[in-house]
$ cat start_21.txt   # compact mmCIF, C-alpha atoms
# COMPACT_ATOMS: atom_id res chain seq x y z
CA MET A 167 15.12 53.23 50.92
CA LYS A 168 16.85 53.72 47.59
CA LYS A 169 16.71 50.84 45.14
CA PRO A 170 19.96 49.84 43.33
CA LEU A 171 20.14 50.99 39.72
CA LEU A 172 20.91 47.57 38.41
CA THR A 173 18.78 44.93 40.07
CA ILE A 174 19.47 41.31 39.42
CA LEU A 175 16.72 38.80 39.75
CA LYS A 176 17.19 36.03 42.24
CA GLU A 177 18.63 32.84 40.75
CA GLY A 178 16.06 30.40 39.47
CA THR A 179 13.05 32.63 39.72
CA ALA A 180 12.66 34.24 36.30
CA MET A 181 14.35 32.15 33.56
CA ASN A 182 14.51 28.71 35.07
CA VAL A 183 10.81 28.16 35.51
CA PRO A 184 9.71 28.70 31.87
CA ILE A 185 12.74 26.78 30.58
CA ARG A 186 11.95 23.86 32.84
CA ALA A 187 8.29 24.04 31.88
CA LEU A 188 9.29 23.99 28.22
CA GLY A 189 11.56 21.00 28.78
CA LEU A 190 8.88 19.16 30.74
CA ALA A 191 6.20 19.85 28.11
CA THR A 192 8.57 18.67 25.34
CA SER A 193 9.33 15.45 27.25
CA ILE A 194 5.64 14.76 27.84
CA PHE A 195 4.84 15.28 24.15
CA TRP A 196 7.75 13.04 23.15
CA ILE A 197 6.44 10.26 25.40
CA LEU A 198 2.93 10.64 23.98
CA LEU A 199 4.23 10.62 20.41
CA ILE A 200 6.41 7.52 20.89
CA ALA A 201 3.57 5.72 22.70
CA PHE A 202 1.20 6.56 19.87
CA ILE A 203 3.59 5.28 17.20
CA ALA A 204 4.28 2.11 19.18
CA LEU A 205 0.57 1.50 19.64
CA SER A 206 -0.11 2.03 15.93
CA ALA A 207 2.69 -0.35 14.92
CA TYR A 208 1.46 -2.93 17.41
CA SER A 209 -2.07 -2.60 16.03
CA PHE A 210 -0.74 -3.15 12.53
CA LYS A 211 0.75 -6.45 13.70
CA ASP A 212 -2.67 -7.70 14.77
CA LEU A 213 -4.30 -6.90 11.48
CA ASN A 214 -5.18 -9.89 9.32
CA PHE A 215 -6.05 -9.79 5.64
CA ASP A 216 -7.25 -12.79 3.68
CA LEU A 217 -8.48 -13.20 0.13
CA GLY A 218 -11.34 -15.52 -0.77
CA GLU A 219 -12.01 -17.43 -3.95
CA PRO A 220 -12.73 -15.02 -6.83
CA GLN A 221 -16.07 -15.54 -8.56
CA PHE A 222 -17.19 -14.76 -12.10
CA THR A 223 -20.83 -14.03 -12.81
CA THR A 224 -22.69 -12.45 -15.66
CA ALA A 225 -24.36 -9.18 -14.76
CA PRO A 226 -27.89 -8.49 -16.06
CA ASP A 227 -26.59 -5.74 -18.35
CA GLY A 228 -24.43 -8.25 -20.16
CA GLN A 229 -21.20 -7.50 -18.37
CA LEU A 230 -18.84 -9.87 -16.68
CA LEU A 231 -18.72 -9.39 -12.93
CA PHE A 232 -15.55 -10.38 -11.11
CA SER A 233 -16.13 -10.56 -7.38
CA LEU A 234 -13.27 -10.91 -4.92
CA PRO A 235 -14.13 -11.50 -1.25
CA LEU A 236 -11.74 -9.83 1.17
CA TYR A 237 -11.68 -10.72 4.86
CA ILE A 238 -10.27 -8.18 7.30
CA ASP A 239 -9.84 -9.09 10.94
CA ASN A 240 -8.95 -5.98 12.94
CA ARG A 241 -7.59 -7.26 16.24
CA GLY A 242 -5.54 -4.12 16.84
CA TYR A 243 -6.18 -1.34 19.33
CA CYS A 244 -7.33 1.22 16.80
CA SER A 245 -10.07 1.47 14.21
CA LEU A 246 -9.10 1.52 10.58
CA LYS A 247 -10.46 4.37 8.54
CA GLU A 248 -10.93 5.08 4.88
CA PHE A 249 -10.11 1.62 3.63
CA HIS A 250 -10.06 1.70 -0.15
CA LEU A 251 -9.21 -0.89 -2.74
CA MET A 252 -8.64 -0.07 -6.38
CA THR A 253 -8.16 -2.57 -9.18
CA VAL A 254 -7.13 -1.70 -12.70
CA PHE A 255 -7.18 -4.39 -15.35
CA SER A 256 -5.09 -3.77 -18.44
CA ASP A 257 -4.15 -5.85 -21.45
CA ALA A 258 -0.68 -7.00 -22.46
CA GLU A 259 -0.06 -3.68 -24.24
CA GLY A 260 -0.96 -1.74 -21.11
CA ALA A 261 -4.29 -0.40 -22.34
CA GLU A 262 -6.81 -0.06 -19.51
CA ILE A 263 -9.75 -2.46 -19.76
CA SER A 264 -11.49 -1.95 -16.47
CA ARG A 265 -11.19 -0.02 -13.22
CA ALA A 266 -13.01 -0.60 -9.95
CA ASN A 267 -13.00 1.00 -6.50
CA THR A 268 -14.24 -0.24 -3.15
CA PHE A 269 -14.43 2.07 -0.16
CA VAL A 270 -15.15 1.22 3.47
CA PRO A 271 -15.32 4.28 5.78
CA VAL A 272 -14.56 2.51 9.08
CA ILE A 273 -13.43 -0.94 10.20
CA PRO A 274 -13.95 -0.84 13.97
CA ARG A 275 -11.39 -2.46 16.24
CA GLY A 276 -12.02 -6.03 17.25
CA GLU A 277 -14.29 -6.66 14.28
CA ASN A 278 -14.12 -9.10 11.41
CA VAL A 279 -15.32 -7.56 8.16
CA THR A 280 -15.96 -9.16 4.79
CA ILE A 281 -15.74 -6.87 1.79
CA PHE A 282 -16.69 -7.82 -1.75
CA HIS A 283 -14.59 -6.07 -4.31
CA ASN A 284 -16.54 -6.11 -7.58
CA VAL A 285 -14.95 -5.47 -10.92
CA THR A 286 -17.07 -5.30 -14.06
CA LEU A 287 -15.40 -6.36 -17.25
CA SER A 288 -17.09 -5.31 -20.41
CA MET A 289 -16.36 -7.85 -23.13
CA ASP A 290 -16.87 -5.12 -25.69
CA SER A 291 -14.00 -3.11 -24.21
CA VAL A 292 -11.88 -6.26 -24.06
CA LEU A 293 -12.57 -7.00 -27.73
CA GLU A 294 -12.10 -3.37 -28.64
CA ASN A 295 -8.44 -3.69 -27.76
CA ALA A 296 -7.79 -7.09 -29.31
CA GLU A 297 -10.03 -9.79 -30.78
CA GLN A 298 -7.43 -12.37 -29.81
CA TYR A 299 -9.05 -12.50 -26.35
CA LEU A 300 -11.89 -14.46 -27.94
CA PHE A 301 -9.68 -17.13 -29.45
CA ASN A 302 -6.42 -17.21 -27.51
CA ASP A 303 -5.69 -17.56 -23.84
CA ASN A 304 -3.84 -14.57 -22.53
CA ASN A 305 -2.74 -12.76 -19.44
CA LEU A 306 -4.34 -9.58 -18.19
CA THR A 307 -2.40 -7.37 -15.83
CA ALA A 308 -4.16 -6.44 -12.63
CA SER A 309 -2.83 -3.54 -10.57
CA VAL A 310 -4.20 -3.61 -7.04
CA THR A 311 -3.83 -0.71 -4.62
CA ALA A 312 -5.15 -0.92 -1.08
CA GLY A 313 -4.97 1.96 1.34
CA LEU A 314 -6.17 2.75 4.83
CA THR A 315 -5.63 5.16 7.68
CA LEU A 316 -4.01 3.47 10.65
CA ALA A 317 -4.85 4.71 14.13
CA GLU A 318 -6.86 7.58 12.65
CA LEU A 319 -3.76 9.52 11.61
CA LEU A 320 -1.25 7.42 9.69
CA PRO A 321 -2.18 6.76 6.05
CA ALA A 322 -0.65 3.58 4.63
CA GLN A 323 -0.88 2.10 1.17
CA ILE A 324 0.08 -1.22 -0.33
CA SER A 325 0.18 -1.90 -4.04
CA THR A 326 0.99 -4.84 -6.23
CA ASN A 327 0.78 -6.01 -9.81
CA PHE A 328 -0.09 -9.52 -10.87
CA THR A 329 -1.04 -11.27 -14.04
CA PHE A 330 -4.55 -12.57 -14.28
CA PRO A 331 -5.06 -15.52 -16.62
CA TRP A 332 -7.65 -14.87 -19.27
CA GLY A 333 -9.30 -17.94 -20.74
CA ALA A 334 -10.58 -17.53 -24.29
CA PRO A 335 -14.23 -18.53 -24.77
CA PHE A 336 -13.57 -19.77 -28.33
CA TYR A 337 -10.11 -21.22 -27.82
CA ASN A 338 -8.84 -23.16 -30.81
CA PHE A 339 -11.94 -22.31 -32.85
CA ALA A 340 -11.87 -24.24 -36.12
CA LEU A 341 -14.19 -25.01 -39.02
CA GLY A 342 -13.30 -28.14 -40.96
CA GLN A 343 -13.54 -28.89 -44.64
CA PRO A 344 -17.11 -28.86 -46.00
CA SER A 345 -18.42 -32.23 -47.07
CA PHE A 346 -21.09 -32.24 -49.76
CA GLY A 347 -24.02 -34.61 -49.84
CA ARG A 348 -27.35 -34.73 -51.65
CA PHE A 349 -30.27 -33.20 -49.79
CA ASN A 350 -33.01 -33.13 -52.45
CA SER A 351 -33.31 -32.64 -56.20
CA THR A 352 -32.51 -28.94 -56.02
CA HIS A 353 -30.19 -28.65 -53.03
CA SER A 354 -27.19 -30.42 -51.65
CA ALA A 355 -26.44 -30.65 -47.93
CA VAL A 356 -23.10 -29.30 -46.88
CA SER A 357 -21.78 -30.33 -43.51
CA VAL A 358 -19.00 -28.38 -41.81
CA PRO A 359 -17.46 -29.63 -38.55
CA MET A 360 -16.98 -26.95 -35.92
CA SER A 361 -14.98 -27.25 -32.71
CA PHE A 362 -13.58 -25.07 -29.94
CA GLU A 363 -12.87 -25.11 -26.22
CA ASN A 364 -14.45 -22.74 -23.76
CA HIS A 365 -11.52 -21.75 -21.54
CA ALA A 366 -13.44 -18.80 -20.09
CA ALA A 367 -14.53 -18.59 -16.48
CA PHE A 368 -18.16 -18.29 -17.57
CA ASP A 369 -20.66 -20.50 -19.41
CA LEU A 370 -21.02 -19.64 -23.05
CA VAL A 371 -24.62 -19.21 -24.15
CA GLY A 372 -25.50 -17.73 -27.51
CA ASP A 373 -25.56 -18.28 -31.25
CA ILE A 374 -23.08 -18.76 -34.02
CA ARG A 375 -24.09 -17.80 -37.53
CA VAL A 376 -21.90 -18.93 -40.41
CA GLU A 377 -22.13 -17.84 -44.01
CA LEU A 378 -20.61 -20.04 -46.71
CA PHE A 379 -19.08 -18.29 -49.72
CA ASP A 380 -17.64 -19.85 -52.83
CA SER A 381 -14.36 -18.86 -54.48
CA GLY A 382 -16.16 -16.15 -56.46
CA GLY A 383 -17.46 -14.51 -53.30
CA SER A 384 -21.08 -15.59 -53.82
CA LEU A 385 -23.08 -16.55 -50.80
CA LEU A 386 -23.98 -20.22 -51.06
CA GLY A 387 -25.73 -20.75 -47.78
CA GLU A 388 -26.12 -19.79 -44.19
CA SER A 389 -26.32 -21.77 -41.00
CA GLN A 390 -27.04 -20.83 -37.44
CA THR A 391 -26.56 -22.89 -34.34
CA ALA A 392 -27.32 -22.28 -30.69
CA LEU A 393 -24.58 -22.81 -28.15
CA ASN A 394 -24.59 -23.72 -24.51
CA VAL A 395 -21.06 -24.62 -23.57
CA PRO A 396 -20.23 -24.75 -19.87
CA GLN A 397 -16.99 -23.16 -18.66
CA TYR A 398 -13.80 -25.16 -19.16
CA SER A 399 -15.41 -27.62 -21.56
CA SER A 400 -15.04 -28.30 -25.26
CA TYR A 401 -17.56 -28.23 -28.10
CA ASP A 402 -17.75 -30.41 -31.19
CA GLY A 403 -20.57 -30.09 -33.66
CA ASN A 404 -21.58 -29.84 -37.27
CA LEU A 405 -23.03 -26.96 -39.21
CA GLU A 406 -25.52 -27.80 -41.91
CA PHE A 407 -25.90 -25.73 -45.10
CA HIS A 408 -28.27 -26.23 -47.98
CA VAL A 409 -26.61 -25.18 -51.20
CA PRO A 410 -28.46 -24.92 -54.53
CA LEU A 411 -27.46 -27.84 -56.72
CA ASN A 412 -25.95 -26.82 -60.02
CA THR A 413 -22.62 -27.68 -61.65
CA ALA A 414 -21.23 -24.17 -61.60
CA SER A 415 -21.83 -23.55 -57.96
CA PHE A 416 -20.67 -27.06 -57.05
CA SER A 417 -17.27 -26.57 -58.65
CA ALA A 418 -16.91 -23.04 -57.25
CA ALA A 419 -17.74 -24.28 -53.75
CA ARG A 420 -14.66 -26.50 -53.66
CA ASN A 421 -12.90 -23.55 -52.11
CA GLY A 422 -13.99 -20.25 -50.65
CA HIS A 423 -14.44 -18.81 -47.23
CA PHE A 424 -16.71 -18.74 -44.20
CA ASN A 425 -17.92 -15.61 -42.46
CA VAL A 426 -18.54 -16.38 -38.81
CA TYR A 427 -20.69 -14.18 -36.53
CA PHE A 428 -20.76 -14.70 -32.76
CA SER A 429 -23.67 -13.51 -30.69
CA THR A 430 -23.90 -13.92 -26.90
CA PRO A 431 -25.43 -11.78 -24.13
CA LEU A 432 -21.88 -10.65 -23.30
CA PHE A 433 -20.65 -9.65 -26.74
CA GLU A 434 -21.29 -9.53 -30.47
CA TYR A 435 -18.46 -10.24 -32.82
CA GLY A 436 -18.08 -10.83 -36.51
CA PRO A 437 -17.40 -11.46 -39.23
CA LEU A 438 -14.47 -13.76 -38.67
CA VAL A 439 -13.26 -14.83 -42.09
CA ILE A 440 -11.98 -18.40 -42.36
CA PRO A 441 -10.89 -19.72 -45.76
CA TYR A 442 -11.44 -23.31 -46.75
CA GLY A 443 -10.48 -25.61 -49.62
CA MET B 22 42.89 21.09 56.14
CA VAL B 23 39.54 19.73 57.37
CA GLU B 24 37.84 22.17 55.05
CA GLU B 25 39.74 20.81 52.03
CA GLU B 26 39.04 17.20 53.03
CA LYS B 27 35.35 18.03 53.30
CA LYS B 28 35.41 19.79 49.93
CA ARG B 29 37.09 16.80 48.26
CA LYS B 30 34.57 14.42 49.79
CA ASN B 31 31.76 16.60 48.51
CA ILE B 32 33.22 16.55 44.98
CA VAL B 33 33.53 12.74 45.03
CA LYS B 34 29.98 12.46 46.37
CA ASP B 35 28.72 14.87 43.73
CA VAL B 36 30.46 13.08 40.85
CA SER B 37 29.25 9.67 42.11
CA PHE B 38 25.73 11.00 42.33
CA ARG B 39 25.95 12.30 38.75
CA VAL B 40 27.29 8.98 37.47
CA VAL B 41 24.54 7.03 39.24
CA LYS B 42 21.92 9.44 37.92
CA ALA B 43 23.28 9.19 34.37
CA THR B 44 23.41 5.39 34.58
CA LEU B 45 19.84 5.17 35.84
CA LYS B 46 18.67 7.52 33.11
CA ALA B 47 20.50 5.48 30.45
CA ILE B 48 19.00 2.25 31.79
CA LEU B 49 15.54 3.81 31.73
CA ILE B 50 15.94 4.98 28.11
CA TYR B 51 17.27 1.58 27.06
CA LEU B 52 14.41 -0.14 28.93
CA ILE B 53 11.87 1.96 27.00
CA TYR B 54 13.61 1.01 23.74
CA PHE B 55 13.78 -2.65 24.83
CA LEU B 56 10.02 -2.68 25.51
CA LEU B 57 9.02 -0.72 22.43
CA ALA B 58 11.31 -2.47 19.92
CA PRO B 59 9.20 -5.67 19.67
CA MET B 60 6.11 -3.50 19.13
CA LEU B 61 7.74 -1.51 16.35
CA ALA B 62 9.42 -4.54 14.78
CA PRO B 63 6.42 -5.72 12.67
CA LEU B 64 6.13 -2.37 10.90
CA PHE B 65 9.75 -1.27 10.80
CA GLY B 66 10.99 -4.81 10.12
CA LEU B 67 9.57 -4.40 6.62
CA ILE B 68 12.07 -1.63 5.93
CA PRO B 69 15.55 -3.06 5.54
CA GLY B 70 18.07 -1.56 7.94
CA PHE B 71 15.54 0.58 9.77
CA MET B 72 15.74 -1.30 13.10
CA GLU B 73 19.56 -1.17 12.97
CA SER B 74 19.42 2.56 12.36
CA ILE B 75 17.06 2.99 15.33
CA GLU B 76 19.47 0.95 17.46
CA ALA B 77 22.37 3.23 16.46
CA PHE B 78 20.17 6.25 17.20
CA VAL B 79 19.34 4.95 20.70
CA ILE B 80 23.03 4.25 21.46
CA ILE B 81 24.17 7.74 20.42
CA TYR B 82 21.23 9.33 22.24
CA ILE B 83 22.09 7.44 25.44
CA VAL B 84 25.79 8.39 25.18
CA LEU B 85 24.91 12.08 24.78
CA THR B 86 22.46 11.84 27.68
CA ILE B 87 25.11 10.24 29.94
CA LEU B 88 27.69 12.86 28.99
CA GLY B 89 25.15 15.63 29.60
CA ASP B 90 24.32 14.25 33.05
CA ILE B 91 27.94 13.72 34.07
CA THR B 92 28.83 17.28 33.09
CA GLU B 93 25.82 18.65 34.98
CA ARG B 94 26.08 22.23 36.25
CA THR B 95 28.85 23.02 33.77
CA ILE B 96 28.54 24.66 30.36
CA PHE B 97 29.31 21.27 28.75
CA GLN B 98 25.96 19.97 29.95
CA TYR B 99 24.31 22.41 27.55
CA PHE B 100 26.74 21.57 24.78
CA PHE B 101 25.75 17.94 25.02
CA SER B 102 22.09 18.79 25.41
CA THR B 103 22.22 20.97 22.27
CA ALA B 104 24.20 18.29 20.44
CA ARG B 105 21.54 15.75 21.39
CA SER B 106 18.75 17.96 20.07
CA LEU B 107 20.65 18.62 16.84
CA PHE B 108 21.37 14.90 16.51
CA VAL B 109 17.64 14.09 16.81
CA ILE B 110 16.79 16.71 14.17
CA ALA B 111 19.54 15.46 11.84
CA TYR B 112 18.49 11.84 12.31
CA LEU B 113 14.87 12.65 11.52
CA LEU B 114 15.83 14.70 8.47
CA LEU B 115 18.17 12.06 7.10
CA SER B 116 16.16 8.94 7.88
CA MET B 117 12.70 10.16 6.98
CA GLU B 118 13.42 12.68 4.22
CA ASP B 119 9.91 13.79 3.18
CA GLY B 120 8.12 11.75 5.84
CA ILE B 121 6.88 9.09 3.45
CA ILE B 122 8.39 5.68 3.95
CA SER B 123 8.28 3.30 1.00
CA THR B 124 9.51 -0.24 0.89
CA SER B 125 9.14 -3.16 -1.48
CA TYR B 126 8.88 -6.82 -0.68
CA GLU B 127 8.73 -9.28 -3.58
CA ASN B 128 5.90 -7.92 -5.74
CA PHE B 129 4.40 -5.71 -3.05
CA SER B 130 5.11 -2.09 -2.37
CA LEU B 131 4.21 -0.55 0.99
CA THR B 132 4.00 3.20 1.57
CA VAL B 133 3.38 4.71 5.00
CA ASN B 134 2.78 8.41 5.26
CA LEU B 135 4.44 9.56 8.48
CA THR B 136 4.32 13.26 7.63
CA LEU B 137 2.24 14.11 10.69
CA PHE B 138 4.54 12.18 13.03
CA TYR B 139 7.52 13.73 11.30
CA THR B 140 6.17 17.27 11.68
CA VAL B 141 5.41 16.79 15.38
CA ALA B 142 8.80 15.13 15.99
CA ILE B 143 10.70 17.91 14.24
CA THR B 144 8.71 20.55 16.16
CA LEU B 145 9.47 18.83 19.47
CA SER B 146 13.14 18.53 18.52
CA LEU B 147 13.28 22.23 17.71
CA LEU B 148 11.63 22.97 21.05
CA GLY B 149 14.27 20.80 22.73
CA PHE B 150 16.99 22.66 20.86
CA ALA B 151 15.53 26.03 21.85
CA SER B 152 15.26 24.87 25.44
CA SER B 153 18.96 23.83 25.45
CA ILE B 154 20.04 27.19 24.04
CA LEU B 155 17.92 29.05 26.58
CA GLN B 156 19.36 26.94 29.40
CA ALA B 157 22.88 27.71 28.18
CA ILE B 158 22.12 31.46 28.06
CA ASN B 159 20.58 31.28 31.51
CA PHE B 160 23.59 29.41 32.84
CA MET B 161 26.00 31.95 31.38
CA SER B 162 24.01 34.90 32.72
CA GLU B 163 23.89 33.34 36.18
CA ARG B 164 27.62 32.78 35.97
CA ALA B 165 28.16 36.41 35.02
CA GLU B 166 25.97 37.52 37.92
CA ALA B 167 27.90 35.36 40.34
CA THR B 168 31.29 36.73 39.22
CA SER B 169 30.11 40.35 39.20
CA GLY B 170 29.70 42.21 42.43
CA LEU B 171 26.00 42.69 41.89
CA GLN B 172 23.88 40.86 44.37
CA PRO B 173 20.23 40.05 43.97
CA PRO B 174 17.93 42.22 45.99
CA GLN B 175 16.90 40.64 49.28
CA GLN B 176 13.30 39.68 49.66
CA ALA B 177 11.51 41.52 52.39

$ encode --input "start_21.txt" --output "structure tokens"
Amino acid sequence: MKKPLLTILKEGTAMNVPIRALGLATSIFWILLIAFIALSAYSFKDLNFDLGEPQFTTAPDGQLLFSLPLYIDNRGYCSLKEFHLMTVFSDAEGAEISRANTFVPVIPRGENVTIFHNVTLSMDSVLENAEQYLFNDNNLTASVTAGLTLAELLPAQISTNFTFPWGAPFYNFALGQPSFGRFNSTHSAVSVPMSFENHAAFDLVGDIRVELFDSGGSLLGESQTALNVPQYSSYDGNLEFHVPLNTASFSAARNGHFNVYFSTPLFEYGPLVIPYG
Amino acid sequence: MVEEEKKRKNIVKDVSFRVVKATLKAILIYLIYFLLAPMLAPLFGLIPGFMESIEAFVIIYIVLTILGDITERTIFQYFFSTARSLFVIAYLLLSMEDGIISTSYENFSLTVNLTLFYTVAITLSLLGFASSILQAINFMSERAEATSGLQPPQQA
């Protein structure tokens, strides 16, 4: 039998099947995709974050350790991956003081995890930018960025900026007028009142050394005192100097200046020049 | 006369069937949206106007689906099907731009990287579009076959 030159395929046998298969496969993938997104969003709803009370401690290497507990309760359907938290502390001028990162590879579903985010603040780097942080309360800017991968595939990131109050360890530091008294036949005792408030979040332990100069710039005496001032408390004390007793130096010592040197495990600073008289 | 009456009845039956099918399909799509919306609300609620835009998307999608079903077995079915695919692509392109959604609330800024979802969705939309075009070509070729005198070879 002779076949026709132009054969036409029977309706619905050649084209329809792959087209229908393509349509069916597309529909199935759409359903899977929408279900996945819905599940991820629903998991996000059941995710709880809570911040604990921040703690300040002094690290053995003489740095200030800021520790922030973070509680994550993952009640969602999916594990959280690659959780990272970054904190950048900067001063009022925007100069970076400190940067810290915390990384948690996996937070399994149904688990409650506590993460400690530790930031080390070097007082030296704080003072490098501005010595006012020793004597004046200020605000540091903290930029916090937290990121994680939701449902294994969807990276999400949240960021915020907030001001962090900085309490000065030597707030309102002042040396009063020297008062002269007789110590012995060769020396007179000079008493200088000293006061300040420790507004810092850490106890202040260290020494203060003060040099007393007369109006001519000659060193008359030196005094050193040990400090142990708990956080958020004030200090009032007297510095004692023994100045050689002679008429010239006595008249010159009516005015002059103090050179103050601060020495603590966290920082060294000085001289701070304070005039008197 | 009886033949014509029968033909008319068949047309009415056919149209009714299409309308019922389209209605059921629309109800099913809306039901899926109705069930999924509360799940998506916590995430998408953070983005102002996003839920409203999804609602508008669902309405237009349902309308195009209904029209496509009512005009079944005509070339318009493929017009509406293609329009629906193009609408999905356009909606994704306009609403998601580069696939990264950013929103701010008070002092907080939230960024969700939906690039993967976006890529898959666009790929599926393009597949849907291709499928509609192929269906339209197939329909037209079948039409041409039917009007020509060429008959398919009989199976042995």

$ atom_distance --input "start_21.txt" --atom1 "CA of Tyr237 in chain A" --atom2 "CA of Phe269 in chain A"
14.0 Å

$ residues_around --input "start_21.txt" --residues "range 36-44 of chain B" --least-positions-apart "5" --cutoff "9 Å" --atoms "all atoms listed in the file" --output "list in words"
Asn31, Leu49, Thr86, Ile87, Leu88, Gly89, Asp90, Ile91, Thr92 and Glu93 of chain B

$ interface_residues --input "start_21.txt" --of "chain A" --to "chain B" --cutoff "10 Å" --atoms "all atoms listed in the file" --output "PyMOL selection string"
chain A and resi 169-170+172-178+180-182+184-193+195-196+199-212+310-316+319-328

$ closest_residue --input "start_21.txt" --among "A:Leu341, A:Leu306, A:Ala334, A:Leu213" --to "Ser245 in chain A" --atoms "only C-alpha atoms"
A:Leu213

$ atom_distance --input "start_21.txt" --atom1 "CA of Glu76 in chain B" --atom2 "CA of Ser102 in chain B"
19.7 Å

$ closest_residue --input "start_21.txt" --among "A:Ser264, A:Thr286, A:Thr352, A:Asn394" --to "Thr223 in chain A" --atoms "all atoms listed in the file"
A:Thr286

$ residues_around --input "start_21.txt" --residues "Ala258 in chain A" --least-positions-apart "3" --cutoff "9 Å" --atoms "all atoms listed in the file" --output "ChimeraX atom specification"
/A:261,304-307

$ atom_distance --input "start_21.txt" --atom1 "CA of Pro441 in chain A" --atom2 "CA of Asp380 in chain A"
9.8 Å

$ closest_residue --input "start_21.txt" --among "A:Tyr299, A:Tyr442, A:Phe282, A:Phe379" --to "Ala366 in chain A" --atoms "only C-alpha atoms"
A:Tyr299
